[in-house]
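Colleague: Please find protein13.txt (compact mmCIF, C-alpha atoms) on the next line:
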```
# COMPACT_ATOMS: atom_id res chain seq x y z
CA MET A 48 3.23 32.36 2.64
CA ARG A 49 -0.50 32.65 2.18
CA ASN A 50 -2.69 33.00 -0.87
CA GLU A 51 -6.39 32.73 -1.63
CA ARG A 52 -6.18 29.26 -3.15
CA SER A 53 -4.21 27.70 -0.30
CA PRO A 54 -5.49 28.99 3.05
CA VAL A 55 -3.37 28.47 6.10
CA THR A 56 -4.60 25.53 8.18
CA PRO A 57 -3.14 23.69 11.19
CA SER A 58 -1.88 20.96 8.87
CA THR A 59 -0.19 23.32 6.42
CA THR A 60 1.32 25.31 9.29
CA LEU A 61 2.81 22.12 10.73
CA LEU A 62 4.16 21.05 7.36
CA LEU A 63 5.70 24.48 6.81
CA GLU A 64 7.43 24.34 10.20
CA CYS A 65 8.81 20.86 9.46
CA LEU A 66 10.02 21.90 6.01
CA HIS A 67 11.73 24.98 7.45
CA ARG A 68 13.50 22.84 10.05
CA ALA A 69 14.65 20.59 7.22
CA GLY A 70 16.24 23.60 5.49
CA MET A 71 13.55 24.21 2.85
CA ARG A 72 12.91 27.90 3.47
CA ASP A 73 11.79 28.82 -0.04
CA ILE A 74 8.22 27.50 0.36
CA VAL A 75 5.72 29.83 -1.32
CA THR A 76 2.45 27.97 -0.67
CA ILE A 77 1.28 24.64 0.69
CA GLU A 78 -1.91 23.00 -0.55
CA ALA A 79 -3.24 20.43 1.91
CA ALA A 80 -3.88 16.94 0.55
CA THR A 81 -7.02 14.95 1.31
CA GLY A 82 -7.70 11.23 1.59
CA GLY A 83 -4.99 10.21 4.04
CA VAL A 84 -5.66 8.57 7.38
CA ALA A 85 -2.70 8.98 9.73
CA ALA A 86 -0.30 11.63 8.45
CA LEU A 87 -0.85 15.28 7.52
CA ALA A 88 0.18 15.90 3.93
CA GLY A 89 0.33 18.56 1.26
CA THR A 90 2.00 19.82 -1.89
CA ALA A 91 4.51 22.60 -1.28
CA THR A 92 5.34 25.08 -4.04
CA ARG A 93 8.95 26.28 -3.80
CA ARG A 94 10.45 29.53 -5.06
CA ASP A 95 13.84 28.13 -6.05
CA ALA A 96 13.10 24.48 -6.83
CA SER A 97 10.41 22.08 -8.02
CA SER A 98 7.30 21.54 -5.92
CA VAL A 99 7.39 18.67 -3.43
CA PHE A 100 4.91 16.47 -1.61
CA ALA A 101 5.42 16.43 2.17
CA LYS A 102 4.03 14.29 5.00
CA ALA A 103 4.32 14.76 8.75
CA PHE A 104 2.56 13.66 11.93
CA ALA A 105 0.93 16.02 14.39
CA GLU A 106 2.66 13.95 17.08
CA PRO A 107 5.94 12.49 15.81
CA PRO A 108 5.95 8.68 16.30
CA ALA A 109 8.57 6.91 18.36
CA ASP A 110 9.74 4.88 15.36
CA ASP A 111 11.32 6.16 12.15
CA VAL A 112 8.26 5.34 10.07
CA PHE A 113 9.15 7.79 7.31
CA VAL A 114 12.65 6.35 7.02
CA ALA A 115 11.10 2.88 6.81
CA GLU A 116 8.69 4.10 4.13
CA ALA A 117 11.58 5.52 2.14
CA GLU A 118 13.40 2.20 2.43
CA GLY A 119 10.27 0.40 1.25
CA LEU A 120 10.01 2.66 -1.80
CA ALA A 121 13.66 1.95 -2.58
CA ALA A 122 13.09 -1.81 -2.29
CA LEU A 123 10.12 -1.70 -4.66
CA ARG A 124 12.11 0.36 -7.14
CA GLU A 125 15.52 -1.33 -6.96
CA LEU A 126 14.50 -4.96 -6.41
CA GLY A 127 11.17 -5.07 -8.17
CA GLY A 128 11.54 -2.49 -10.95
CA VAL A 129 8.43 -0.57 -9.86
CA THR A 130 8.25 3.18 -10.46
CA THR A 131 8.07 5.05 -7.15
CA PRO A 132 8.27 8.73 -6.22
CA GLU A 133 11.72 10.22 -5.67
CA VAL A 134 12.58 10.46 -1.98
CA ILE A 135 13.97 13.94 -1.43
CA LEU A 136 14.16 13.77 2.36
CA ALA A 137 13.18 11.30 5.07
CA ASN A 138 13.67 11.76 8.79
CA ARG A 139 11.77 11.11 12.02
CA GLU A 140 9.30 13.97 11.54
CA LEU A 141 9.08 14.50 7.79
CA LEU A 142 8.93 12.71 4.44
CA VAL A 143 9.41 14.74 1.26
CA LEU A 144 8.72 13.18 -2.13
CA SER A 145 8.51 14.28 -5.75
CA VAL A 146 5.05 15.42 -6.83
CA LEU A 147 2.83 12.95 -8.70
CA ARG A 148 -0.50 13.23 -10.48
CA PRO A 149 -3.87 11.55 -9.98
CA ARG A 150 -4.16 8.32 -11.94
CA PRO A 151 -5.98 8.51 -15.30
CA ARG A 152 -9.37 6.83 -15.61
CA SER A 153 -8.49 4.28 -18.28
CA GLU A 154 -8.23 0.52 -18.64
CA THR A 155 -4.87 0.94 -20.37
CA PHE A 156 -3.44 2.54 -17.24
CA TRP A 157 -4.62 -0.39 -15.11
CA GLU A 158 -3.09 -2.82 -17.60
CA GLN A 159 0.21 -1.04 -16.95
CA VAL A 160 -0.36 -1.43 -13.20
CA ALA A 161 -0.94 -5.14 -13.75
CA HIS A 162 2.34 -5.46 -15.65
CA ALA A 163 4.22 -3.55 -12.95
CA LEU A 164 2.80 -5.60 -10.06
CA ALA A 165 3.19 -8.91 -11.87
CA GLY A 166 6.80 -8.01 -12.60
CA LEU A 167 7.37 -7.19 -8.93
CA HIS A 168 5.89 -10.46 -7.73
CA LEU A 169 7.45 -12.72 -10.37
CA SER A 170 10.95 -11.26 -10.11
CA THR A 171 11.31 -11.21 -6.31
CA THR A 172 10.25 -14.70 -5.21
CA HIS A 173 12.11 -15.72 -2.08
CA PRO A 174 12.36 -18.98 -0.13
CA PRO A 175 10.57 -18.87 3.27
CA ARG A 176 12.84 -18.56 6.32
CA VAL A 177 10.38 -19.77 8.96
CA GLU A 178 11.90 -23.25 9.17
CA ALA A 179 15.34 -21.80 9.81
CA ALA A 180 14.07 -19.39 12.48
CA LEU A 181 11.79 -21.74 14.49
CA ASP A 182 12.60 -24.98 16.27
CA ALA A 183 10.59 -28.18 15.86
CA GLY A 184 8.27 -27.37 18.78
CA ASP A 185 7.50 -23.93 17.41
CA ARG A 186 6.77 -25.33 13.95
CA ALA A 187 4.49 -28.03 15.34
CA ALA A 188 2.44 -25.42 17.24
CA LEU A 189 2.20 -23.26 14.14
CA GLU A 190 1.09 -26.22 12.03
CA ARG A 191 -1.65 -27.08 14.52
CA LEU A 192 -2.89 -23.49 14.35
CA CYS A 193 -2.90 -23.42 10.55
CA HIS A 194 -3.99 -26.99 9.80
CA ARG A 195 -6.96 -25.82 7.72
CA LEU A 196 -5.01 -23.43 5.50
CA PRO A 197 -3.87 -26.06 2.95
CA GLU A 198 -7.52 -26.72 2.22
CA LEU A 199 -8.27 -23.05 1.69
CA LEU A 200 -5.19 -21.44 0.15
CA PRO A 201 -2.87 -22.78 -2.56
CA ASP A 202 0.86 -23.08 -2.01
CA ARG A 203 2.63 -19.92 -3.14
CA PRO A 204 6.27 -18.77 -3.08
CA ALA A 205 7.13 -15.65 -1.11
CA CYS A 206 7.77 -12.50 -3.15
CA LEU A 207 8.27 -8.82 -2.46
CA THR A 208 4.86 -7.22 -1.94
CA HIS A 209 3.72 -3.62 -1.63
CA GLY A 210 1.73 -4.52 1.48
CA ASP A 211 -0.88 -1.73 1.44
CA LEU A 212 -2.04 -1.75 -2.16
CA TRP A 213 -5.43 -0.09 -2.15
CA ALA A 214 -6.44 2.06 -5.10
CA GLN A 215 -5.51 5.33 -3.35
CA ASN A 216 -1.87 4.20 -3.31
CA VAL A 217 -1.73 4.02 -7.12
CA LEU A 218 -0.87 7.35 -8.76
CA SER A 219 0.69 8.46 -12.03
CA THR A 220 3.81 10.12 -13.39
CA PRO A 221 3.35 13.25 -15.53
CA ASP A 222 3.53 11.06 -18.67
CA GLY A 223 0.88 8.64 -17.42
CA GLN A 224 2.95 5.75 -16.05
CA PRO A 225 1.67 4.02 -12.89
CA VAL A 226 3.43 4.82 -9.61
CA LEU A 227 3.03 2.99 -6.29
CA ILE A 228 3.23 4.96 -3.01
CA ASP A 229 2.95 4.36 0.76
CA PRO A 230 4.29 0.78 0.86
CA ALA A 231 4.49 -1.59 3.80
CA VAL A 232 6.82 -4.02 2.10
CA SER A 233 7.59 -7.60 3.09
CA TYR A 234 8.26 -10.93 1.46
CA MET A 235 4.75 -12.40 1.40
CA TRP A 236 2.27 -14.14 -0.88
CA ALA A 237 1.45 -12.15 -3.99
CA ASP A 238 -2.22 -12.69 -3.11
CA VAL A 239 -1.80 -10.15 -0.28
CA ASP A 240 -1.47 -7.28 -2.76
CA LEU A 241 -4.14 -8.68 -5.06
CA ALA A 242 -6.63 -9.15 -2.22
CA HIS A 243 -6.05 -5.67 -0.85
CA LEU A 244 -6.81 -4.02 -4.18
CA TRP A 245 -9.73 -6.37 -4.86
CA SER A 246 -11.34 -5.76 -1.46
CA THR A 247 -11.07 -1.97 -1.20
CA SER A 248 -13.49 -0.69 -3.85
CA PRO A 249 -11.21 -0.18 -6.87
CA PRO A 250 -12.66 1.97 -9.67
CA PRO A 251 -14.57 0.21 -12.48
CA GLU A 252 -11.74 0.62 -14.97
CA ALA A 253 -9.48 -1.39 -12.64
CA GLN A 254 -11.27 -4.55 -13.80
CA ARG A 255 -8.77 -4.56 -16.65
CA PHE A 256 -5.98 -4.76 -14.07
CA PHE A 257 -7.33 -8.00 -12.63
CA GLU A 258 -7.81 -9.54 -16.06
CA THR A 259 -4.31 -8.61 -17.20
CA TYR A 260 -2.65 -9.61 -13.93
CA ALA A 261 -4.36 -13.02 -14.06
CA GLU A 262 -3.09 -13.54 -17.60
CA LEU A 263 0.48 -12.50 -16.73
CA THR A 264 0.77 -14.65 -13.61
CA THR A 265 -1.37 -17.62 -14.69
CA LEU A 266 -3.67 -17.26 -11.69
CA ASP A 267 -5.92 -20.23 -11.08
CA ARG A 268 -9.65 -19.87 -11.72
CA ASP A 269 -10.51 -19.88 -7.99
CA TRP A 270 -8.47 -16.82 -7.02
CA ARG A 271 -11.51 -14.58 -6.49
CA ALA A 272 -13.01 -16.97 -3.94
CA ARG A 273 -9.96 -16.79 -1.67
CA MET A 274 -9.58 -13.02 -1.71
CA PRO A 275 -11.75 -12.50 1.44
CA ILE A 276 -9.70 -15.10 3.33
CA VAL A 277 -6.38 -13.52 2.36
CA GLN A 278 -7.73 -10.08 3.24
CA LEU A 279 -8.55 -11.13 6.81
CA ARG A 280 -5.00 -10.11 7.76
CA GLN A 281 -5.61 -6.54 6.65
CA HIS A 282 -9.06 -6.33 8.19
CA LEU A 283 -7.66 -7.44 11.55
CA ALA A 284 -4.85 -4.89 11.27
CA VAL A 285 -7.36 -2.10 10.62
CA ILE A 286 -9.37 -3.07 13.69
CA ALA A 287 -6.19 -3.16 15.79
CA GLN A 288 -5.02 0.29 14.69
CA PHE A 289 -8.02 2.54 14.18
CA ASP A 290 -11.14 3.52 16.09
CA ASP A 291 -13.20 3.52 12.89
CA ASP A 292 -12.80 0.14 11.20
CA TRP A 293 -14.51 1.22 7.94
CA GLY A 294 -16.59 -1.98 7.87
CA ALA A 295 -13.68 -4.33 8.53
CA ALA A 296 -15.52 -6.12 11.36
CA ASP A 297 -18.50 -6.80 9.10
CA GLN A 298 -16.20 -8.10 6.38
CA ILE A 299 -14.54 -10.46 8.84
CA ARG A 300 -17.90 -11.78 10.08
CA ALA A 301 -19.05 -12.40 6.51
CA THR A 302 -15.86 -14.29 5.66
CA LEU A 303 -16.07 -16.39 8.83
CA ALA A 304 -19.74 -17.31 8.37
CA PRO A 305 -19.06 -20.70 6.68
CA PHE A 306 -16.69 -21.65 9.51
CA ARG A 307 -19.00 -21.01 12.46
CA THR A 308 -20.29 -24.62 12.54
CA ARG A 309 -18.14 -27.73 12.42
CA THR A 310 -18.48 -30.00 9.40
```
Represent the supplied structure as structure tokens.
Modeller:
Amino acid sequence: MRNERSPVTPSTTLLLECLHRAGMRDIVTIEAATGGVAALAGTATRRDASSVFAKAFAEPPADDVFVAEAEGLAALRELGGVTTPEVILANRELLVLSVLRPRPRSETFWEQVAHALAGLHLSTTHPPRVEAALDAGDRAALERLCHRLPELLPDRPACLTHGDLWAQNVLSTPDGQPVLIDPAVSYMWADVDLAHLWSTSPPPEAQRFFETYAELTTLDRDWRARMPIVQLRQHLAVIAQFDDDWGAADQIRATLAPFRTRT
């Protein structure tokens, strides 16, 4: 099970145990992946089948998060036409996917990402269901809370969104086509995906993505100005979930600066 290129580590040992319990007993080596936050992950080379990418948690969560992730990948693929990794296995303790490649450093690739995401957003618009779910008193309270939003954000239809679209969740197929991974799907404003990618240090070549996406979706000229406001949702989620907020608190303070005094 061990070789010089892929030393045994606690994470690879855990993944191997989970893969064995799932019936994959032909694992030759596991190379740990880097860059993730919550789950342990790695690429497993198999003796009798193609290599796979596996994820597990050191402490299995109470919810079926991997099953939900697999369902999200299926929704992106089947409803939105987005290329996603093949789900080989998903259960409470383990997610096994087909192996992908790092994304190429090219503007052409990011143009393809723009086409894929624009297609997802434009083809999955959905009417909001809030009015049907909440009574008049609930809606009045919500409107009082959000009374400033019409001044700040344009009206947008709901569409299927990836939900966690930072650059690390964009990979590539062997033939160079963009692939989206690790979704947190919902019917939401398209700006949620755009703001997440815009606000999380995309590579320089991704500028072509934003230009192409704007052309495909006829974004208004002010879209860049509202990205920090839309991204507040994600910044607050990061603070709520992780000890290290990776600068989210500072980003929130900067965005809120114009609103600290009444006008």
Colleague: Could you tell me how far CA of Glu116 (chain A) lies from CA of Thr171 (chain A), in Å and to one decimal?
Modeller: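 Atom-to-atom, CA of Glu116 (chain A) to CA of Thr171 (chain A), that is 18.7 Å.
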Colleague: Taking only C-alpha atoms into account, name the residue in A:Pro251, A:Gly166, A:Gly223, A:Pro275 that is nearest to Val239 (chain A).
Modeller: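 For Val239 (chain A), the nearest of the given residues is A:Pro275.
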Colleague: Looking at all atoms listed in the file, which of A:Glu262, A:Asp222, A:Glu133, A:Glu78 is the one that sits closest to Thr59 (chain A)?
Modeller: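 Of A:Glu262, A:Asp222, A:Glu133, A:Glu78, the one nearest Thr59 (chain A), counting all atoms listed in the file, is A:Glu78.
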Colleague: Nearest residue to Asn216 (chain A) out of A:Thr265, A:Gly82, A:Gly294, A:Leu199, using only C-alpha atoms?
Modeller: A:Gly82
Colleague: Could you tell me which of A:Met274, A:Leu279, A:Leu244, A:Ala287 comes closest to Ile299 (chain A) if we count all atoms listed in the file?
Modeller: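 Of A:Met274, A:Leu279, A:Leu244, A:Ala287, the one nearest Ile299 (chain A), counting all atoms listed in the file, is A:Leu279.
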Colleague: Between A:Leu283, A:Val75, A:Arg273, A:Leu263, single out the one closest to Asp297 (chain A), counting all atoms listed in the file.
Modeller: A:Leu283
Colleague: Hey, can you check how far CA of Leu266 (chain A) sits from CA of Pro149 (chain A)?
Modeller: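 Value for the CA of Leu266 (chain A)-CA of Pro149 (chain A) distance: 28.9 Å.
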Colleague: Using only C-alpha atoms, pick whichever of A:Gln278, A:Thr155, A:Ser219, A:Ser98 has the shortest atom-to-atom distance to Trp245 (chain A).
Modeller: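 Among the listed residues, A:Gln278 lies closest to Trp245 (chain A).
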Colleague: Can you measure CA of Ala115 (chain A) to CA of Thr130 (chain A) for me? One decimal in Å is fine.
Modeller: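 One can read the CA of Ala115 (chain A) to CA of Thr130 (chain A) distance as 17.5 Å.
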Colleague: Could you name the residues that touch region 135-139 of chain A at 10 Å or less, counting all atoms listed in the file, but leaving out those on the same chain fewer than 6 positions away, as a compact mmCIF listing (two decimals) with C-alpha atoms, keeping the file's coordinate frame?
Modeller:
```txt
# COMPACT_ATOMS: atom_id res chain seq x y z
CA LEU A 66 10.02 21.90 6.01
CA ALA A 69 14.65 20.59 7.22
CA VAL A 99 7.39 18.67 -3.43
CA PHE A 100 4.91 16.47 -1.61
CA ALA A 101 5.42 16.43 2.17
CA LYS A 102 4.03 14.29 5.00
CA ALA A 103 4.32 14.76 8.75
CA PHE A 104 2.56 13.66 11.93
CA PRO A 107 5.94 12.49 15.81
CA PRO A 108 5.95 8.68 16.30
CA ALA A 109 8.57 6.91 18.36
CA ASP A 110 9.74 4.88 15.36
CA ASP A 111 11.32 6.16 12.15
CA VAL A 112 8.26 5.34 10.07
CA PHE A 113 9.15 7.79 7.31
CA VAL A 114 12.65 6.35 7.02
CA ALA A 115 11.10 2.88 6.81
CA GLU A 116 8.69 4.10 4.13
CA ALA A 117 11.58 5.52 2.14
CA GLU A 118 13.40 2.20 2.43
CA SER A 145 8.51 14.28 -5.75
```
Colleague: Might you pull out every residue within 7 Å of region 227-232 of chain A, with all atoms listed in the file counted and same-chain residues fewer than 4 positions away left off, and present them as a PyMOL selection string?
Modeller: chain A and resi 116+119-120+130-131+207-211+216-218
